[in-house]
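Peer 1: Handing over model_33.tsv, TSV, C-alpha atoms.
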chain	number	residue	atom	x	y	z
A	1	MET	CA	0.02	86.04	-46.45
A	2	ASN	CA	-2.48	84.60	-43.97
A	3	LEU	CA	-1.59	83.41	-40.51
A	4	PRO	CA	-1.49	79.61	-41.07
A	5	ASP	CA	0.83	80.04	-44.07
A	6	ARG	CA	3.19	82.24	-42.09
A	7	ARG	CA	3.13	79.74	-39.26
A	8	LEU	CA	3.92	76.90	-41.65
A	9	ILE	CA	6.85	78.77	-43.16
A	10	ILE	CA	8.24	79.60	-39.71
A	11	GLU	CA	7.84	75.93	-38.73
A	12	MET	CA	9.71	74.81	-41.84
A	13	ALA	CA	12.45	77.39	-41.33
A	14	CYS	CA	12.92	76.33	-37.69
A	15	ILE	CA	13.19	72.63	-38.61
A	16	PHE	CA	15.59	73.43	-41.44
A	17	LEU	CA	17.76	75.65	-39.24
A	18	MET	CA	17.85	72.99	-36.55
A	19	ALA	CA	19.03	70.44	-39.14
A	20	VAL	CA	21.71	72.85	-40.37
A	21	VAL	CA	22.97	73.53	-36.84
A	22	LEU	CA	22.96	69.83	-35.90
A	23	GLY	CA	24.62	68.77	-39.16
A	24	ILE	CA	27.37	71.37	-38.97
A	25	THR	CA	27.96	70.86	-35.24
A	26	TRP	CA	28.07	67.08	-35.59
A	27	ASN	CA	30.57	67.25	-38.47
A	28	GLN	CA	32.36	70.48	-37.56
A	29	ARG	CA	35.87	69.05	-37.43
A	30	LEU	CA	35.61	67.28	-40.76
A	31	LEU	CA	33.90	70.23	-42.46
A	32	TYR	CA	36.63	72.53	-41.15
A	33	THR	CA	39.28	70.18	-42.52
A	34	VAL	CA	37.57	70.03	-45.91
A	35	TRP	CA	37.32	73.82	-45.94
A	36	GLN	CA	41.00	74.12	-45.03
A	37	GLY	CA	41.84	71.54	-47.67
A	38	GLY	CA	40.27	73.78	-50.29
A	39	ALA	CA	42.49	76.61	-49.12
A	40	ILE	CA	45.59	74.44	-49.15
A	41	SER	CA	44.90	73.23	-52.67
A	42	ALA	CA	44.74	76.82	-53.91
A	43	ALA	CA	47.87	77.94	-52.11
A	44	PRO	CA	51.00	78.06	-54.22
A	45	ALA	CA	53.27	77.96	-51.16
A	46	GLN	CA	53.23	74.17	-50.85
A	47	VAL	CA	55.44	73.01	-53.65
A	48	PRO	CA	56.05	69.31	-54.22
A	49	GLY	CA	59.48	68.44	-52.98
A	50	THR	CA	59.32	70.23	-49.67
A	51	ALA	CA	58.15	67.24	-47.67
A	52	PRO	CA	59.65	66.78	-44.22
A	53	ALA	CA	62.09	63.91	-44.14
A	54	ASP	CA	60.03	61.58	-41.96
A	55	THR	CA	56.35	62.15	-42.82
A	56	PRO	CA	54.45	62.30	-46.11
A	57	LEU	CA	53.49	65.81	-47.23
A	58	PRO	CA	49.79	66.53	-47.60
A	59	LEU	CA	48.97	67.76	-51.09
A	60	GLY	CA	45.99	69.70	-52.41
A	61	LEU	CA	44.01	68.96	-55.55
A	62	LEU	CA	45.88	71.43	-57.78
A	63	GLN	CA	49.29	70.01	-56.99
A	64	VAL	CA	48.03	66.46	-57.38
A	65	LYS	CA	46.56	67.31	-60.78
A	66	GLU	CA	49.83	68.89	-61.82
A	67	LEU	CA	51.79	65.76	-60.87
A	68	TYR	CA	49.16	63.60	-62.60
A	69	ASP	CA	49.24	65.56	-65.83
A	70	ARG	CA	53.04	65.59	-65.95
A	71	ARG	CA	53.14	61.85	-65.10
A	72	GLU	CA	55.73	62.68	-62.47
A	73	ALA	CA	54.37	60.40	-59.78
A	74	VAL	CA	52.82	57.02	-59.16
A	75	PHE	CA	49.34	57.19	-57.66
A	76	VAL	CA	48.46	54.62	-55.03
A	77	ASP	CA	44.95	53.87	-53.74
A	78	ALA	CA	45.02	52.87	-50.06
A	79	ARG	CA	41.37	51.76	-49.91
A	80	ASP	CA	40.20	48.15	-50.01
A	81	GLY	CA	39.80	46.25	-53.25
A	82	ALA	CA	36.01	46.69	-53.43
A	83	ALA	CA	36.26	50.48	-53.12
A	84	PHE	CA	39.02	50.51	-55.74
A	85	ALA	CA	36.89	48.42	-58.10
A	86	ALA	CA	33.92	50.76	-57.59
A	87	GLY	CA	35.96	53.75	-58.75
A	88	HIS	CA	39.50	55.11	-58.58
A	89	MET	CA	41.84	57.65	-60.11
A	90	LYS	CA	42.62	56.45	-63.61
A	91	GLY	CA	46.03	54.78	-63.68
A	92	ALA	CA	46.29	54.39	-59.91
A	93	LEU	CA	47.70	51.24	-58.33
A	94	SER	CA	45.74	49.48	-55.61
A	95	LEU	CA	47.60	48.83	-52.36
A	96	PRO	CA	45.13	48.48	-49.48
A	97	VAL	CA	46.82	49.52	-46.28
A	98	GLY	CA	45.85	46.23	-44.61
A	99	GLU	CA	47.61	44.23	-47.30
A	100	ALA	CA	50.65	46.50	-47.62
A	101	GLN	CA	53.07	44.27	-45.72
A	102	GLY	CA	52.18	41.18	-47.77
A	103	GLU	CA	52.25	43.02	-51.08
A	104	GLY	CA	55.37	45.07	-50.28
A	105	ALA	CA	57.85	43.06	-52.33
A	106	ARG	CA	55.67	43.09	-55.45
A	107	PHE	CA	55.00	46.79	-55.10
A	108	ARG	CA	58.72	47.59	-54.75
A	109	GLU	CA	59.39	45.56	-57.92
A	110	ARG	CA	56.88	47.65	-59.87
A	111	VAL	CA	57.69	51.08	-58.46
A	112	PRO	CA	61.31	52.23	-58.14
A	113	LEU	CA	62.27	53.81	-54.80
A	114	SER	CA	63.27	57.01	-56.59
A	115	MET	CA	59.74	57.52	-57.98
A	116	PRO	CA	57.51	60.10	-56.22
A	117	VAL	CA	54.39	58.43	-54.85
A	118	VAL	CA	51.01	60.04	-54.16
A	119	VAL	CA	48.79	58.06	-51.81
A	120	TYR	CA	45.07	58.70	-51.44
A	121	CYS	CA	42.01	57.11	-49.90
A	122	ASN	CA	38.43	58.23	-49.27
A	123	GLY	CA	38.82	61.86	-48.27
A	124	TYR	CA	39.54	63.92	-45.23
A	125	ASP	CA	38.29	61.54	-42.55
A	126	CYS	CA	40.18	58.59	-44.03
A	127	HIS	CA	43.58	58.04	-42.47
A	128	ASP	CA	44.63	54.99	-44.48
A	129	SER	CA	46.54	57.15	-46.98
A	130	MET	CA	48.68	58.73	-44.26
A	131	GLU	CA	49.27	55.29	-42.70
A	132	LEU	CA	50.25	53.79	-46.06
A	133	GLY	CA	52.42	56.85	-46.76
A	134	MET	CA	54.36	56.18	-43.56
A	135	ILE	CA	54.79	52.53	-44.56
A	136	LEU	CA	56.11	53.58	-47.98
A	137	ARG	CA	58.52	55.96	-46.26
A	138	SER	CA	59.74	53.10	-44.08
A	139	TRP	CA	60.33	51.01	-47.22
A	140	GLY	CA	62.69	53.67	-48.48
A	141	TYR	CA	60.54	55.74	-50.86
A	142	GLY	CA	62.10	59.18	-50.79
A	143	THR	CA	59.16	61.30	-51.95
A	144	VAL	CA	55.74	60.35	-50.63
A	145	TYR	CA	52.72	62.64	-50.72
A	146	VAL	CA	49.24	62.20	-49.30
A	147	PHE	CA	46.30	63.57	-51.29
A	148	GLU	CA	43.98	64.45	-48.42
A	149	GLY	CA	40.87	65.17	-50.49
A	150	GLY	CA	41.25	61.67	-51.89
A	151	TYR	CA	39.06	60.01	-54.46
A	152	PRO	CA	35.85	62.01	-53.66
A	153	GLU	CA	37.59	65.34	-54.36
A	154	TRP	CA	39.24	64.00	-57.52
A	155	ARG	CA	35.96	62.62	-58.87
A	156	ASP	CA	34.08	65.75	-57.81
A	157	ALA	CA	36.51	67.87	-59.84
A	158	GLY	CA	35.58	65.84	-62.91
A	159	TYR	CA	39.08	64.45	-63.43
A	160	GLN	CA	39.83	61.08	-64.97
A	161	THR	CA	38.48	58.07	-63.11
A	162	ALA	CA	38.22	54.39	-63.83
A	163	GLY	CA	36.17	51.55	-62.38
A	164	GLY	CA	32.48	51.26	-61.50
A	165	VAL	CA	31.15	54.81	-61.52
A	166	GLU	CA	32.67	56.98	-64.20
B	1	MET	CA	-10.77	67.73	-24.86
B	2	ALA	CA	-8.82	64.55	-24.26
B	3	ARG	CA	-10.61	63.00	-27.17
B	4	ARG	CA	-9.74	65.98	-29.37
B	5	ARG	CA	-6.08	65.84	-28.33
B	6	LEU	CA	-5.94	62.11	-28.99
B	7	SER	CA	-7.56	62.55	-32.39
B	8	ASP	CA	-5.14	65.37	-33.34
B	9	ARG	CA	-2.19	63.27	-32.36
B	10	TRP	CA	-3.21	60.36	-34.55
B	11	GLY	CA	-4.11	62.50	-37.50
B	12	GLY	CA	-7.90	62.55	-37.59
B	13	ARG	CA	-11.18	62.76	-35.75
B	14	VAL	CA	-12.05	59.56	-33.95
B	15	THR	CA	-15.37	59.50	-35.75
B	16	ASP	CA	-13.65	60.00	-39.10
B	17	ARG	CA	-13.56	56.79	-41.13
B	18	TRP	CA	-10.15	57.93	-42.41
B	19	LYS	CA	-8.66	58.16	-38.94
B	20	TYR	CA	-6.15	55.32	-39.37
B	21	PRO	CA	-4.77	55.63	-42.94
B	22	PRO	CA	-3.28	59.14	-42.41
B	23	ALA	CA	-1.69	58.03	-39.17
B	24	LEU	CA	-0.24	54.94	-40.82
B	25	LEU	CA	0.97	57.05	-43.76
B	26	ARG	CA	2.57	59.50	-41.36
B	27	LEU	CA	4.31	56.72	-39.44
B	28	ALA	CA	5.47	54.99	-42.63
B	29	LEU	CA	6.83	58.21	-44.14
B	30	GLY	CA	8.44	59.14	-40.84
B	31	GLY	CA	10.05	55.71	-40.61
B	32	VAL	CA	11.43	55.88	-44.15
B	33	PHE	CA	12.97	59.33	-43.65
B	34	LEU	CA	14.27	58.58	-40.17
B	35	TYR	CA	15.98	55.47	-41.55
B	36	ALA	CA	17.31	57.35	-44.60
B	37	GLY	CA	18.81	60.03	-42.36
B	38	ALA	CA	20.12	57.74	-39.62
B	39	VAL	CA	22.15	55.49	-41.94
B	40	LYS	CA	23.89	58.51	-43.49
B	41	ILE	CA	24.59	60.62	-40.40
B	42	GLY	CA	27.73	58.68	-39.48
B	43	ASP	CA	29.15	58.46	-43.02
B	44	LEU	CA	29.76	62.02	-44.14
B	45	SER	CA	32.50	61.22	-46.64
B	46	GLY	CA	30.63	58.35	-48.22
B	47	PHE	CA	27.48	60.40	-48.66
B	48	ALA	CA	29.49	63.41	-49.87
B	49	GLY	CA	30.99	61.09	-52.49
B	50	ASP	CA	27.48	60.02	-53.53
B	51	ILE	CA	26.41	63.66	-53.87
B	52	ALA	CA	29.62	64.49	-55.73
B	53	ALA	CA	28.72	61.83	-58.31
B	54	TYR	CA	25.77	64.03	-59.35
B	55	ARG	CA	28.30	66.72	-60.35
B	56	LEU	CA	26.00	69.54	-59.31
B	57	LEU	CA	27.78	71.16	-56.36
B	58	PRO	CA	31.32	72.39	-55.68
B	59	HIS	CA	33.54	70.19	-53.49
B	60	PHE	CA	32.75	71.87	-50.17
B	61	GLY	CA	29.07	72.08	-51.15
B	62	ASN	CA	28.97	68.29	-51.39
B	63	TYR	CA	30.27	67.94	-47.83
B	64	LEU	CA	27.94	70.65	-46.51
B	65	ALA	CA	24.91	69.02	-48.14
B	66	ALA	CA	26.06	65.63	-46.85
B	67	ALA	CA	26.27	67.09	-43.34
B	68	VAL	CA	22.82	68.71	-43.36
B	69	ILE	CA	20.52	66.47	-45.47
B	70	PRO	CA	20.69	63.37	-43.22
B	71	TRP	CA	19.83	65.48	-40.15
B	72	LEU	CA	16.97	67.11	-42.03
B	73	GLU	CA	15.62	63.71	-43.06
B	74	ALA	CA	16.00	62.30	-39.55
B	75	LEU	CA	14.41	65.35	-37.88
B	76	CYS	CA	11.43	65.33	-40.24
B	77	GLY	CA	11.12	61.57	-39.71
B	78	VAL	CA	11.04	61.98	-35.93
B	79	LEU	CA	8.47	64.80	-36.16
B	80	LEU	CA	6.21	62.73	-38.41
B	81	ILE	CA	6.45	59.72	-36.12
B	82	THR	CA	5.73	61.74	-32.98
B	83	GLY	CA	2.94	63.67	-34.71
B	84	TRP	CA	4.36	67.05	-33.67
B	85	ARG	CA	4.61	69.81	-36.32
B	86	VAL	CA	3.42	67.37	-38.97
B	87	ARG	CA	2.62	70.03	-41.60
B	88	GLY	CA	6.03	71.67	-41.31
B	89	ALA	CA	7.87	68.34	-41.46
B	90	ALA	CA	5.74	67.02	-44.33
B	91	SER	CA	6.17	70.25	-46.30
B	92	LEU	CA	9.94	70.06	-45.87
B	93	ILE	CA	9.93	66.41	-46.93
B	94	MET	CA	7.94	67.38	-50.01
B	95	ALA	CA	10.46	70.12	-50.86
B	96	LEU	CA	13.38	67.76	-50.22
B	97	THR	CA	11.84	65.04	-52.38
B	98	LEU	CA	11.29	67.54	-55.22
B	99	VAL	CA	14.96	68.57	-54.99
B	100	PHE	CA	16.01	64.89	-55.08
B	101	MET	CA	13.77	64.30	-58.10
B	102	ALA	CA	15.20	67.31	-59.93
B	103	ALA	CA	18.74	66.04	-59.25
B	104	LEU	CA	17.82	62.54	-60.46
B	105	ALA	CA	16.18	63.95	-63.58
B	106	SER	CA	19.38	65.89	-64.33
B	107	VAL	CA	21.33	62.62	-63.96
B	108	LEU	CA	19.08	60.96	-66.53
B	109	VAL	CA	19.32	63.91	-68.92
B	110	ARG	CA	23.12	63.94	-68.68
B	111	GLY	CA	23.33	60.15	-69.04
B	112	LEU	CA	25.31	59.62	-65.82
B	113	ASP	CA	25.39	56.07	-64.49
B	114	ILE	CA	25.55	56.61	-60.73
B	115	ASP	CA	24.16	55.22	-57.50
B	116	CYS	CA	21.39	57.47	-56.17
B	117	GLY	CA	22.91	57.58	-52.65
B	118	CYS	CA	19.40	57.53	-51.19
B	119	PHE	CA	20.09	55.19	-48.31
B	120	ARG	CA	23.16	53.35	-47.08
B	121	HIS	CA	26.41	54.10	-48.93
B	122	GLY	CA	28.10	51.19	-50.64
B	123	GLY	CA	25.14	48.82	-50.88
B	124	ALA	CA	23.52	47.56	-54.05
B	125	LYS	CA	23.44	50.27	-56.71
B	126	THR	CA	20.06	51.94	-57.19
B	127	SER	CA	19.55	53.42	-60.64
B	128	ALA	CA	18.20	56.94	-61.18
B	129	TRP	CA	15.00	55.54	-62.73
B	130	THR	CA	14.31	53.33	-59.70
B	131	ALA	CA	15.07	56.20	-57.33
B	132	LEU	CA	12.84	58.54	-59.33
B	133	GLY	CA	9.98	56.04	-59.15
B	134	ARG	CA	10.44	55.62	-55.42
B	135	ASP	CA	10.60	59.38	-54.89
B	136	SER	CA	7.37	59.80	-56.90
B	137	LEU	CA	5.62	57.42	-54.51
B	138	LEU	CA	7.05	59.26	-51.50
B	139	LEU	CA	5.97	62.59	-52.99
B	140	ALA	CA	2.44	61.30	-53.62
B	141	ALA	CA	2.25	59.95	-50.06
B	142	THR	CA	3.47	63.27	-48.67
B	143	ILE	CA	0.90	65.23	-50.67
B	144	VAL	CA	-1.90	62.94	-49.44
B	145	LEU	CA	-0.69	63.35	-45.86
B	146	LEU	CA	-0.48	67.14	-46.21
B	147	ARG	CA	-4.00	67.33	-47.65
B	148	LYS	CA	-5.41	65.16	-44.87
B	149	THR	CA	-3.62	67.19	-42.22
B	150	THR	CA	-4.79	70.47	-43.72
B	151	ASN	CA	-8.39	69.23	-43.96
B	152	GLN	CA	-8.29	68.15	-40.33
B	153	GLN	CA	-7.06	71.56	-39.27
B	154	LYS	CA	-9.94	73.20	-41.10
B	155	THR	CA	-12.57	70.95	-39.49
Have the structure of the file written as structure tokens, please.
Peer 2:
Amino acid sequence: MNLPDRRLIIEMACIFLMAVVLGITWNQRLLYTVWQGGAISAAPAQVPGTAPADTPLPLGLLQVKELYDRREAVFVDARDGAAFAAGHMKGALSLPVGEAQGEGARFRERVPLSMPVVVYCNGYDCHDSMELGMILRSWGYGTVYVFEGGYPEWRDAGYQTAGGVE
Amino acid sequence: MARRRLSDRWGGRVTDRWKYPPALLRLALGGVFLYAGAVKIGDLSGFAGDIAAYRLLPHFGNYLAAAVIPWLEALCGVLLITGWRVRGAASLIMALTLVFMAALASVLVRGLDIDCGCFRHGGAKTSAWTALGRDSLLLAATIVLLRKTTNQQKT
């Protein structure tokens, strides 16, 4: 390999490494959470039903899929209507967190308080699902879970979706 | 010496009749990639979702790629605009564009109807065919720029 080629490859490697370092440093917290989320979803220790009394329990993908397959829970999308229309978990109900108070009565008519509810939004840096989960708890829902990986993780896993991009 | 430095910076000898087109090409390519990277840097989840729609990487891989690619695009864009390490940046852009084109081709082969995720997340949907056409133009422009830059280094 002649000198200019070697120099070019070193240049490219340096630029690439710099991008990797900047990208990981800039997003370190979120990447760490996503990484941890993967571990949580594989851990059998977190069994549905062990949620603390006052806050929704975060659930991993495996547990969410189990609840979905057994039809043991209602799935609620906390994102806005446009995001829901673009794509959502098949069978999920839309309840944007900003409209939760106004839509509360209708939602309570459709979903009994005894029904387990799984709330999700747009992944690990989206806090709407936790916020909506707290609202549902305050309405009297006894079993509320938050799917932290949200719609991106569900779609990424190739599970059933509905809406725009399927 | 000053003349030589000035000519290197703008991508050609001052006496060269092609002194401006390579510089304009470099600035245009740099601008496109800087823009493409900058609009995605602050939206990791959205871009990770776009990458996930290609169904090529595992879940964490989508987030990792979404963290690195925008910075790579932005860095290469800045280098092209400033005229520093042009060959390295252009070669990386060429490699990146080829990867994008391979991913888009796989989308077409598998019949997936997805947004390419090339620029801002959540805007008007860009089909794989449109994105592939655009990437072909970018690839051609990058190859022209690389050839011009290499020729200038030889002269």
Peer 1: In Å, how far is it from atom CA of A:Gly81 to atom CA of B:Ala128?
Peer 2: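 Taking atom CA of A:Gly81 and atom CA of B:Ala128, their separation equals 25.4 Å.
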Peer 1: With 7 Å as the limit and counting only C-alpha atoms, what residues in chain A lie close to chain B? Please list them as a PyMOL selection string.
Peer 2: chain A and resi 8+11-12+16+19-20+22-24+27+31+34-35+123+152-153+156+165
Peer 1: Excluding A:Phe75 and its own-chain neighbours fewer than 6 positions away, which residues fall within 6 Å of it when counting all atoms listed in the file? Please give them as a list in words.
Peer 2: Ala92, Val117, Val118 and Val119 of chain A
Peer 1: When you draw a straight line from atom CA of B:Ala36 to atom CA of B:Cys118, how long is it in Å?
Peer 2: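 Value for the atom CA of B:Ala36-atom CA of B:Cys118 distance: 6.9 Å.
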Peer 1: Report, in Å to a single decimal, how far apart atom CA of A:Met130 and atom CA of A:Arg79 are.
Peer 2: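 Between atom CA of A:Arg79 and atom CA of A:Met130 the gap works out to 11.6 Å.
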Peer 1: What lies within 9 Å of A:Cys121 using all atoms listed in the file, ignoring chain neighbours under 4 positions off, as number ranges by chain?
Peer 2: A: 76-79, 126-130, 146-152
Peer 1: Enclose all atoms of stretch 130-140 of chain A listed in the file in an axis-aligned box, grow every side by 8 Å, and hand back centre and edge lengths in Å to one decimal, as AutoDock Vina command-line options.
Peer 2:
--center_x 55.7 --center_y 54.9 --center_z -45.6 --size_x 30.0 --size_y 23.7 --size_z 21.8
Peer 1: Got a moment to write stretch 14-38 of chain A out with N, CA, C and O atoms, as a compact mmCIF listing (two decimals), in the first residue's frame?
Peer 2:
# COMPACT_ATOMS: atom_id res chain seq x y z
N CYS A 14 -9.86 8.32 11.29
CA CYS A 14 -9.90 9.37 12.32
C CYS A 14 -11.25 10.08 12.31
O CYS A 14 -11.84 10.32 13.36
N ILE A 15 -11.75 10.42 11.11
CA ILE A 15 -13.04 11.10 11.01
C ILE A 15 -14.15 10.20 11.56
O ILE A 15 -15.01 10.62 12.33
N PHE A 16 -14.08 8.92 11.17
CA PHE A 16 -15.11 7.98 11.61
C PHE A 16 -15.09 7.81 13.14
O PHE A 16 -16.13 7.87 13.79
N LEU A 17 -13.88 7.66 13.68
CA LEU A 17 -13.75 7.51 15.14
C LEU A 17 -14.27 8.74 15.86
O LEU A 17 -14.92 8.64 16.91
N MET A 18 -13.96 9.90 15.30
CA MET A 18 -14.42 11.14 15.94
C MET A 18 -15.96 11.18 15.95
O MET A 18 -16.57 11.56 16.95
N ALA A 19 -16.58 10.74 14.83
CA ALA A 19 -18.04 10.71 14.77
C ALA A 19 -18.61 9.71 15.78
O ALA A 19 -19.61 9.99 16.45
N VAL A 20 -17.94 8.58 15.92
CA VAL A 20 -18.41 7.57 16.88
C VAL A 20 -18.34 8.13 18.31
O VAL A 20 -19.30 8.03 19.09
N VAL A 21 -17.20 8.74 18.63
CA VAL A 21 -17.02 9.29 19.99
C VAL A 21 -18.05 10.40 20.25
O VAL A 21 -18.71 10.42 21.30
N LEU A 22 -18.21 11.30 19.29
CA LEU A 22 -19.16 12.40 19.48
C LEU A 22 -20.59 11.87 19.60
O LEU A 22 -21.34 12.29 20.49
N GLY A 23 -20.95 10.94 18.72
CA GLY A 23 -22.30 10.39 18.73
C GLY A 23 -22.62 9.68 20.03
O GLY A 23 -23.70 9.87 20.61
N ILE A 24 -21.68 8.87 20.50
CA ILE A 24 -21.93 8.11 21.74
C ILE A 24 -21.92 9.04 22.95
O ILE A 24 -22.75 8.92 23.85
N THR A 25 -20.98 9.99 22.95
CA THR A 25 -20.91 10.93 24.09
C THR A 25 -22.17 11.79 24.16
O THR A 25 -22.75 11.97 25.22
N TRP A 26 -22.59 12.28 23.01
CA TRP A 26 -23.76 13.16 22.94
C TRP A 26 -25.03 12.44 23.42
O TRP A 26 -25.89 13.02 24.06
N ASN A 27 -25.12 11.14 23.10
CA ASN A 27 -26.34 10.39 23.42
C ASN A 27 -26.11 9.34 24.51
O ASN A 27 -26.86 8.37 24.59
N GLN A 28 -25.07 9.52 25.31
CA GLN A 28 -24.67 8.44 26.21
C GLN A 28 -25.79 7.99 27.15
O GLN A 28 -25.98 6.79 27.36
N ARG A 29 -26.53 8.95 27.69
CA ARG A 29 -27.55 8.59 28.67
C ARG A 29 -28.65 7.73 28.02
O ARG A 29 -29.06 6.72 28.55
N LEU A 30 -29.09 8.20 26.86
CA LEU A 30 -30.16 7.48 26.18
C LEU A 30 -29.70 6.10 25.70
O LEU A 30 -30.42 5.10 25.83
N LEU A 31 -28.46 6.06 25.16
CA LEU A 31 -27.94 4.76 24.71
C LEU A 31 -27.82 3.79 25.88
O LEU A 31 -28.12 2.60 25.75
N TYR A 32 -27.38 4.32 27.02
CA TYR A 32 -27.25 3.47 28.21
C TYR A 32 -28.63 2.94 28.62
O TYR A 32 -28.79 1.76 28.94
N THR A 33 -29.63 3.82 28.57
CA THR A 33 -30.98 3.39 28.94
C THR A 33 -31.50 2.33 27.98
O THR A 33 -32.12 1.35 28.41
N VAL A 34 -31.23 2.53 26.68
CA VAL A 34 -31.69 1.54 25.69
C VAL A 34 -30.99 0.20 25.94
O VAL A 34 -31.61 -0.86 25.92
N TRP A 35 -29.70 0.28 26.23
CA TRP A 35 -28.92 -0.93 26.52
C TRP A 35 -29.48 -1.64 27.75
O TRP A 35 -29.69 -2.84 27.75
N GLN A 36 -29.76 -0.86 28.78
CA GLN A 36 -30.34 -1.42 30.02
C GLN A 36 -31.72 -2.01 29.74
O GLN A 36 -32.09 -3.03 30.29
N GLY A 37 -32.46 -1.32 28.89
CA GLY A 37 -33.81 -1.78 28.54
C GLY A 37 -33.76 -3.16 27.93
O GLY A 37 -34.59 -4.00 28.23
N GLY A 38 -32.74 -3.39 27.08
CA GLY A 38 -32.58 -4.72 26.49
C GLY A 38 -32.37 -5.77 27.56
O GLY A 38 -32.94 -6.84 27.50
